[in-house]
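So this one's data00.txt, compact mmCIF, C-alpha atoms:
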# COMPACT_ATOMS: atom_id res chain seq x y z
CA MET P 1 109.47 44.91 -70.63
CA ALA P 2 107.11 43.79 -73.40
CA ALA P 3 108.02 44.34 -77.03
CA GLU P 4 106.04 46.92 -78.97
CA PHE P 5 103.47 45.76 -81.50
CA THR P 6 100.66 47.06 -83.64
CA GLY P 7 97.42 45.61 -85.05
CA SER P 8 94.49 43.69 -83.64
CA GLY P 9 95.32 40.15 -84.84
CA THR P 10 92.70 39.86 -87.60
CA PRO P 11 93.33 39.12 -91.30
CA ASP P 12 92.49 42.76 -92.13
CA ASP P 13 94.59 44.18 -89.27
CA PRO P 14 97.32 41.67 -88.39
CA TRP P 15 99.62 42.10 -85.45
CA THR P 16 103.01 43.39 -86.51
CA LEU P 17 105.45 41.77 -84.11
CA LYS P 18 109.16 41.20 -83.76
CA THR P 19 110.92 37.93 -83.11
CA PRO P 20 112.28 37.47 -79.57
CA THR P 21 115.69 38.84 -80.60
CA LEU P 22 113.89 41.95 -81.94
CA ARG P 23 115.83 41.60 -85.22
CA SER P 24 113.02 40.57 -87.58
CA GLU P 25 109.50 41.87 -88.03
CA TYR P 26 106.57 39.72 -89.15
CA GLN P 27 102.80 39.82 -89.25
CA VAL P 28 100.43 37.34 -87.63
CA TYR P 29 96.67 36.94 -87.34
CA ARG P 30 94.02 34.50 -86.21
CA ASP P 31 92.04 32.83 -89.00
CA GLU P 32 89.14 30.89 -87.54
CA SER P 33 87.70 30.18 -91.02
CA LEU P 34 90.44 27.60 -91.69
CA ASP P 35 90.17 23.92 -90.79
CA PRO P 36 91.66 23.69 -88.24
CA PRO P 37 91.52 27.33 -87.14
CA ALA P 38 95.03 28.74 -87.47
CA LEU P 39 97.45 31.36 -86.31
CA VAL P 40 98.87 32.56 -89.64
CA CYS P 41 102.34 34.13 -89.75
CA GLN P 42 103.59 36.10 -92.74
CA VAL P 43 107.38 36.31 -92.68
CA GLY P 44 108.55 38.10 -95.80
CA SER P 45 107.21 36.00 -98.69
CA THR P 46 106.86 32.88 -96.51
CA GLN P 47 103.58 32.01 -94.82
CA LEU P 48 103.59 29.67 -91.83
CA SER P 49 100.59 28.55 -89.83
CA TYR P 50 100.09 26.94 -86.45
CA ASP P 51 97.01 25.32 -84.95
CA LEU P 52 95.20 28.19 -83.18
CA ARG P 53 94.98 26.08 -80.01
CA CYS P 54 98.68 26.75 -79.57
CA ILE P 55 98.00 30.06 -77.80
CA ASP P 56 95.91 28.57 -74.99
CA ASP P 57 97.85 25.30 -74.86
CA LEU P 58 101.23 27.05 -74.59
CA HIS P 59 99.93 29.39 -71.89
CA LYS P 60 98.58 26.45 -69.84
CA MET P 61 101.83 24.51 -70.24
CA LEU P 62 103.87 27.53 -69.09
CA GLN P 63 101.59 28.03 -66.09
CA ALA P 64 102.06 24.37 -65.12
CA HIS P 65 105.83 24.68 -65.70
CA GLY P 66 105.88 27.63 -63.29
CA ASP P 67 109.24 29.11 -64.27
CA TRP P 68 111.24 30.44 -67.20
CA MET P 69 111.59 28.05 -70.15
CA LEU P 70 114.12 28.27 -72.98
CA LEU P 71 112.56 28.92 -76.38
CA GLY P 72 114.90 26.63 -78.34
CA ASN P 73 113.94 27.90 -81.79
CA ALA P 74 114.72 25.42 -84.62
CA ASP P 75 113.70 24.69 -88.21
CA GLU P 76 111.55 21.62 -88.80
CA GLN P 77 114.50 19.71 -90.27
CA LYS P 78 116.61 20.23 -87.13
CA PRO P 79 116.01 18.53 -83.78
CA ALA P 80 114.68 20.71 -80.97
CA LYS P 81 116.59 20.76 -77.71
CA GLU P 82 114.72 18.85 -75.01
CA GLY P 83 112.97 20.90 -72.36
CA THR P 84 112.37 23.89 -74.65
CA VAL P 85 109.21 25.51 -75.98
CA GLU P 86 110.13 24.28 -79.48
CA ALA P 87 110.46 20.67 -78.28
CA TRP P 88 107.09 20.89 -76.52
CA ALA P 89 105.45 22.22 -79.72
CA ARG P 90 106.58 19.04 -81.55
CA SER P 91 106.08 16.49 -78.78
CA ALA P 92 103.65 13.59 -78.89
CA ASP P 93 102.97 14.51 -75.24
CA ASN P 94 101.51 17.96 -75.96
CA PRO P 95 97.69 18.42 -76.05
CA ILE P 96 97.39 17.81 -79.81
CA GLY P 97 99.86 14.91 -79.83
CA GLY P 98 102.49 16.37 -82.16
CA TRP P 99 103.34 19.35 -84.32
CA TYR P 100 101.38 22.58 -83.89
CA GLY P 101 102.81 23.70 -87.25
CA LEU P 102 100.35 22.97 -90.06
CA LYS P 103 102.49 23.20 -93.21
CA LYS P 104 104.87 20.28 -93.72
CA GLY P 105 108.35 21.63 -94.30
CA LEU P 106 107.44 24.83 -92.41
CA ARG P 107 106.24 23.37 -89.10
CA GLY P 108 109.25 24.47 -87.07
CA ARG P 109 110.22 27.87 -85.69
CA PHE P 110 107.22 27.77 -83.34
CA ALA P 111 109.41 29.25 -80.58
CA ASN P 112 110.34 32.17 -82.82
CA TYR P 113 106.85 33.26 -83.89
CA VAL P 114 104.32 32.15 -81.24
CA PRO P 115 105.86 33.48 -77.98
CA PRO P 116 105.63 37.13 -79.12
CA VAL P 117 101.88 36.55 -79.69
CA LEU P 118 101.45 35.47 -76.06
CA GLU P 119 103.48 38.50 -75.01
CA ALA P 120 101.24 40.82 -77.09
CA LEU P 121 98.15 39.25 -75.48
CA GLY P 122 99.58 39.81 -72.00
CA LEU P 123 99.81 36.07 -71.29
CA ALA P 124 103.60 35.72 -71.06
CA GLU P 125 106.90 37.48 -70.59
CA VAL P 126 109.50 36.90 -73.29
CA GLU P 127 113.17 37.79 -73.04
CA HIS P 128 114.70 39.84 -75.86
CA ASN P 129 118.38 38.97 -75.84
CA ALA P 130 120.63 38.20 -78.82
CA ARG P 131 120.28 34.44 -78.08
CA ASN P 132 119.05 31.86 -75.58
CA ASN P 133 115.79 33.66 -74.88
CA ARG P 134 113.23 32.33 -72.44
CA MET P 135 109.59 32.88 -71.64
CA ARG P 136 107.23 32.38 -68.72
CA ALA P 137 103.50 32.69 -68.12
CA ILE P 138 102.01 35.77 -66.52
Same coordinates, now as structure tokens:
Amino acid sequence: MAAEFTGSGTPDDPWTLKTPTLRSEYQVYRDESLDPPALVCQVGSTQLSYDLRCIDDLHKMLQAHGDWMLLGNADEQKPAKEGTVEAWARSADNPIGGWYGLKKGLRGRFANYVPPVLEALGLAEVEHNARNNRMRAI
């Protein structure tokens, strides 16, 4: 069952989403005026941004993976567990050759904020357990 959300994903009407555990709410929108175009996440007073390609690239990777994948959420300063969405988002082997996060010091937590966007767009299923959540492409 998909999580509930509001908004259209624009700067004037951001999506209001919840993290996979459904404990925290945040807002996110596409900003194609930035260089590179970004997915901007407002989490309380903290603003994170990810290369906008992450939506399509993550969906394609999940389709190729073909099964559930652990999210593996982690801060930038902590290592990401291999084989997780978070590790893929940092890997030199992903389509952009490294971090999708655009702000040094705030490049992590990809697996906390981007999967709900794919879920809202109808591109993926995301689990909503207290921990060890997974996702898969639709």
Within 10 Å of range 44-55 of chain P, counting all atoms listed in the file, which residues qualify if same-chain residues fewer than 6 places away don't, as JSON, numbers by chain? {"P": [24, 25, 26, 27, 28, 29, 30, 31, 32, 34, 35, 36, 37, 38, 89, 94, 95, 96, 99, 100, 101, 102, 103, 104, 105, 106, 107, 108, 109, 110, 113, 114, 115, 117, 118, 121, 123]}
As AutoDock Vina command-line options, what would the box around range 46-63 of chain P look like: edges along x, y and z, 3 Å added on every side, centre and edge lengths in Å to one decimal?
--center_x 100.9 --center_y 28.7 --center_z -81.3 --size_x 17.9 --size_y 14.4 --size_z 36.4
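Proximity ranking of P:Gly98, P:Lys81, P:Asn73, P:Ile138 relative to Gly122 in chain P places P:Ile138 first, based on all atoms listed in the file.
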When distances are computed from all atoms listed in the file, which of P:Glu127, P:Glu119, P:Asp93, P:Glu86 shows the smallest separation from His59 in chain P? P:Glu119
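For the pair CA of Leu17 in chain P and CA of Ala137 in chain P, the separation is 18.5 Å.
Among the candidates P:Asp13, P:Asp75, P:Asp67, P:Glu82, the residue lying nearest to Ala124 in chain P is P:Asp67 (atoms considered: all atoms listed in the file).
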Point-to-point distance from CA of Leu39 in chain P to CA of Asp56 in chain P, Å rounded to tenths: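 CA of Leu39 in chain P sits 11.8 Å away from CA of Asp56 in chain P.
Near Pro116 in chain P, within 8 Å and counting only C-alpha atoms, sit P:Ala3, P:Leu17, P:Lys18, P:Thr19, P:Pro20, P:Val126, not including residues fewer than 6 positions from it in the same chain.
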Write out as a PDB file with C-alpha atoms, keeping the file's coordinate frame each polymer residue whose atoms come within 10 Å of Asn129 in chain P, counting only C-alpha atoms; drop sequence neighbours fewer than 5 positions from it.
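Contents of out06.pdb, as written:
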ATOM      1  CA  PRO P  20     112.280  37.470 -79.570  1.00  0.00           C
ATOM      2  CA  THR P  21     115.690  38.840 -80.600  1.00  0.00           C
ATOM      3  CA  LEU P  22     113.890  41.950 -81.940  1.00  0.00           C
ATOM      4  CA  ARG P 134     113.230  32.330 -72.440  1.00  0.00           C
TER       5      ARG P 134
END
Tell me which of P:Trp88, P:Cys41, P:Leu71, P:Lys60 sits closest to Gly9 in chain P, counting only C-alpha atoms.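 Of the candidates, the smallest distance to Gly9 in chain P is held by P:Cys41.
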CA of Ala120 in chain P to CA of Thr6 in chain P, straight-line distance in Å: 9.1 Å
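Using only C-alpha atoms, the shortest contact distance between Trp15 in chain P and any of P:Gln42, P:Gln77, P:Ser91, P:Gln63 is found at P:Gln42.
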Under the rule that all atoms listed in the file are counted, which of P:Asp57, P:Pro11, P:Trp68, P:Pro79 is the nearest residue to Val40 in chain P? P:Pro11
Final N, CA and C atoms of range 1-35 of chain P as a PDB file, in the coordinates of the input:
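Output saved as result04.pdb:
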ATOM      1  N   MET P   1     110.161  43.924 -69.835  1.00  0.00           N
ATOM      2  CA  MET P   1     109.470  44.910 -70.630  1.00  0.00           C
ATOM      3  C   MET P   1     108.975  44.267 -71.914  1.00  0.00           C
ATOM      4  N   ALA P   2     107.702  44.395 -72.220  1.00  0.00           N
ATOM      5  CA  ALA P   2     107.110  43.790 -73.400  1.00  0.00           C
ATOM      6  C   ALA P   2     107.554  44.531 -74.663  1.00  0.00           C
ATOM      7  N   ALA P   3     107.677  43.755 -75.743  1.00  0.00           N
ATOM      8  CA  ALA P   3     108.020  44.340 -77.030  1.00  0.00           C
ATOM      9  C   ALA P   3     106.827  45.127 -77.566  1.00  0.00           C
ATOM     10  N   GLU P   4     107.108  46.139 -78.361  1.00  0.00           N
ATOM     11  CA  GLU P   4     106.040  46.920 -78.970  1.00  0.00           C
ATOM     12  C   GLU P   4     105.436  46.151 -80.129  1.00  0.00           C
ATOM     13  N   PHE P   5     104.137  46.391 -80.381  1.00  0.00           N
ATOM     14  CA  PHE P   5     103.470  45.760 -81.500  1.00  0.00           C
ATOM     15  C   PHE P   5     102.314  46.624 -81.941  1.00  0.00           C
ATOM     16  N   THR P   6     101.824  46.358 -83.138  1.00  0.00           N
ATOM     17  CA  THR P   6     100.660  47.060 -83.640  1.00  0.00           C
ATOM     18  C   THR P   6      99.673  46.033 -84.186  1.00  0.00           C
ATOM     19  N   GLY P   7      98.437  46.473 -84.457  1.00  0.00           N
ATOM     20  CA  GLY P   7      97.420  45.610 -85.050  1.00  0.00           C
ATOM     21  C   GLY P   7      96.529  44.961 -84.017  1.00  0.00           C
ATOM     22  N   SER P   8      95.465  44.334 -84.521  1.00  0.00           N
ATOM     23  CA  SER P   8      94.490  43.690 -83.640  1.00  0.00           C
ATOM     24  C   SER P   8      94.433  42.170 -83.815  1.00  0.00           C
ATOM     25  N   GLY P   9      95.256  41.604 -84.699  1.00  0.00           N
ATOM     26  CA  GLY P   9      95.320  40.150 -84.840  1.00  0.00           C
ATOM     27  C   GLY P   9      94.269  39.550 -85.754  1.00  0.00           C
ATOM     28  N   THR P  10      93.681  40.361 -86.636  1.00  0.00           N
ATOM     29  CA  THR P  10      92.700  39.860 -87.600  1.00  0.00           C
ATOM     30  C   THR P  10      93.351  39.850 -88.988  1.00  0.00           C
ATOM     31  N   PRO P  11      92.759  39.110 -89.948  1.00  0.00           N
ATOM     32  CA  PRO P  11      93.330  39.120 -91.300  1.00  0.00           C
ATOM     33  C   PRO P  11      93.435  40.523 -91.905  1.00  0.00           C
ATOM     34  N   ASP P  12      92.472  41.400 -91.592  1.00  0.00           N
ATOM     35  CA  ASP P  12      92.490  42.760 -92.130  1.00  0.00           C
ATOM     36  C   ASP P  12      93.396  43.708 -91.350  1.00  0.00           C
ATOM     37  N   ASP P  13      93.748  43.345 -90.125  1.00  0.00           N
ATOM     38  CA  ASP P  13      94.590  44.180 -89.270  1.00  0.00           C
ATOM     39  C   ASP P  13      95.513  43.282 -88.435  1.00  0.00           C
ATOM     40  N   PRO P  14      96.457  42.608 -89.121  1.00  0.00           N
ATOM     41  CA  PRO P  14      97.320  41.670 -88.390  1.00  0.00           C
ATOM     42  C   PRO P  14      98.214  42.370 -87.378  1.00  0.00           C
ATOM     43  N   TRP P  15      98.613  41.587 -86.369  1.00  0.00           N
ATOM     44  CA  TRP P  15      99.620  42.100 -85.450  1.00  0.00           C
ATOM     45  C   TRP P  15     100.923  42.226 -86.225  1.00  0.00           C
ATOM     46  N   THR P  16     101.639  43.275 -86.017  1.00  0.00           N
ATOM     47  CA  THR P  16     103.010  43.390 -86.510  1.00  0.00           C
ATOM     48  C   THR P  16     103.884  43.229 -85.285  1.00  0.00           C
ATOM     49  N   LEU P  17     104.633  42.142 -85.272  1.00  0.00           N
ATOM     50  CA  LEU P  17     105.450  41.770 -84.110  1.00  0.00           C
ATOM     51  C   LEU P  17     106.910  41.654 -84.518  1.00  0.00           C
ATOM     52  N   LYS P  18     107.747  41.482 -83.530  1.00  0.00           N
ATOM     53  CA  LYS P  18     109.160  41.200 -83.760  1.00  0.00           C
ATOM     54  C   LYS P  18     109.501  39.881 -83.093  1.00  0.00           C
ATOM     55  N   THR P  19     110.441  39.167 -83.691  1.00  0.00           N
ATOM     56  CA  THR P  19     110.920  37.930 -83.110  1.00  0.00           C
ATOM     57  C   THR P  19     111.542  38.228 -81.740  1.00  0.00           C
ATOM     58  N   PRO P  20     111.742  37.214 -80.907  1.00  0.00           N
ATOM     59  CA  PRO P  20     112.280  37.470 -79.570  1.00  0.00           C
ATOM     60  C   PRO P  20     113.599  38.260 -79.553  1.00  0.00           C
ATOM     61  N   THR P  21     114.433  38.089 -80.569  1.00  0.00           N
ATOM     62  CA  THR P  21     115.690  38.840 -80.600  1.00  0.00           C
ATOM     63  C   THR P  21     115.490  40.292 -81.043  1.00  0.00           C
ATOM     64  N   LEU P  22     114.274  40.626 -81.455  1.00  0.00           N
ATOM     65  CA  LEU P  22     113.890  41.950 -81.940  1.00  0.00           C
ATOM     66  C   LEU P  22     114.585  42.332 -83.246  1.00  0.00           C
ATOM     67  N   ARG P  23     115.114  41.346 -83.965  1.00  0.00           N
ATOM     68  CA  ARG P  23     115.830  41.600 -85.220  1.00  0.00           C
ATOM     69  C   ARG P  23     114.919  41.559 -86.439  1.00  0.00           C
ATOM     70  N   SER P  24     113.864  40.753 -86.396  1.00  0.00           N
ATOM     71  CA  SER P  24     113.020  40.570 -87.580  1.00  0.00           C
ATOM     72  C   SER P  24     111.571  40.881 -87.243  1.00  0.00           C
ATOM     73  N   GLU P  25     110.909  41.534 -88.183  1.00  0.00           N
ATOM     74  CA  GLU P  25     109.500  41.870 -88.030  1.00  0.00           C
ATOM     75  C   GLU P  25     108.672  40.925 -88.882  1.00  0.00           C
ATOM     76  N   TYR P  26     107.480  40.590 -88.399  1.00  0.00           N
ATOM     77  CA  TYR P  26     106.570  39.720 -89.150  1.00  0.00           C
ATOM     78  C   TYR P  26     105.149  40.087 -88.767  1.00  0.00           C
ATOM     79  N   GLN P  27     104.206  39.580 -89.547  1.00  0.00           N
ATOM     80  CA  GLN P  27     102.800  39.820 -89.250  1.00  0.00           C
ATOM     81  C   GLN P  27     102.124  38.499 -88.940  1.00  0.00           C
ATOM     82  N   VAL P  28     101.131  38.555 -88.049  1.00  0.00           N
ATOM     83  CA  VAL P  28     100.430  37.340 -87.630  1.00  0.00           C
ATOM     84  C   VAL P  28      98.977  37.691 -87.312  1.00  0.00           C
ATOM     85  N   TYR P  29      98.094  36.743 -87.618  1.00  0.00           N
ATOM     86  CA  TYR P  29      96.670  36.940 -87.340  1.00  0.00           C
ATOM     87  C   TYR P  29      95.997  35.601 -87.087  1.00  0.00           C
ATOM     88  N   ARG P  30      94.864  35.678 -86.437  1.00  0.00           N
ATOM     89  CA  ARG P  30      94.020  34.500 -86.210  1.00  0.00           C
ATOM     90  C   ARG P  30      93.113  34.337 -87.419  1.00  0.00           C
ATOM     91  N   ASP P  31      92.993  33.104 -87.916  1.00  0.00           N
ATOM     92  CA  ASP P  31      92.040  32.830 -89.000  1.00  0.00           C
ATOM     93  C   ASP P  31      91.195  31.635 -88.586  1.00  0.00           C
ATOM     94  N   GLU P  32      90.032  31.938 -88.030  1.00  0.00           N
ATOM     95  CA  GLU P  32      89.140  30.890 -87.540  1.00  0.00           C
ATOM     96  C   GLU P  32      88.323  30.258 -88.652  1.00  0.00           C
ATOM     97  N   SER P  33      88.432  30.759 -89.887  1.00  0.00           N
ATOM     98  CA  SER P  33      87.700  30.180 -91.020  1.00  0.00           C
ATOM     99  C   SER P  33      88.412  28.947 -91.577  1.00  0.00           C
ATOM    100  N   LEU P  34      89.685  28.744 -91.196  1.00  0.00           N
ATOM    101  CA  LEU P  34      90.440  27.600 -91.690  1.00  0.00           C
ATOM    102  C   LEU P  34      90.084  26.343 -90.899  1.00  0.00           C
ATOM    103  N   ASP P  35      90.410  25.192 -91.462  1.00  0.00           N
ATOM    104  CA  ASP P  35      90.170  23.920 -90.790  1.00  0.00           C
ATOM    105  C   ASP P  35      91.490  23.160 -90.678  1.00  0.00           C
TER     106      ASP P  35
END
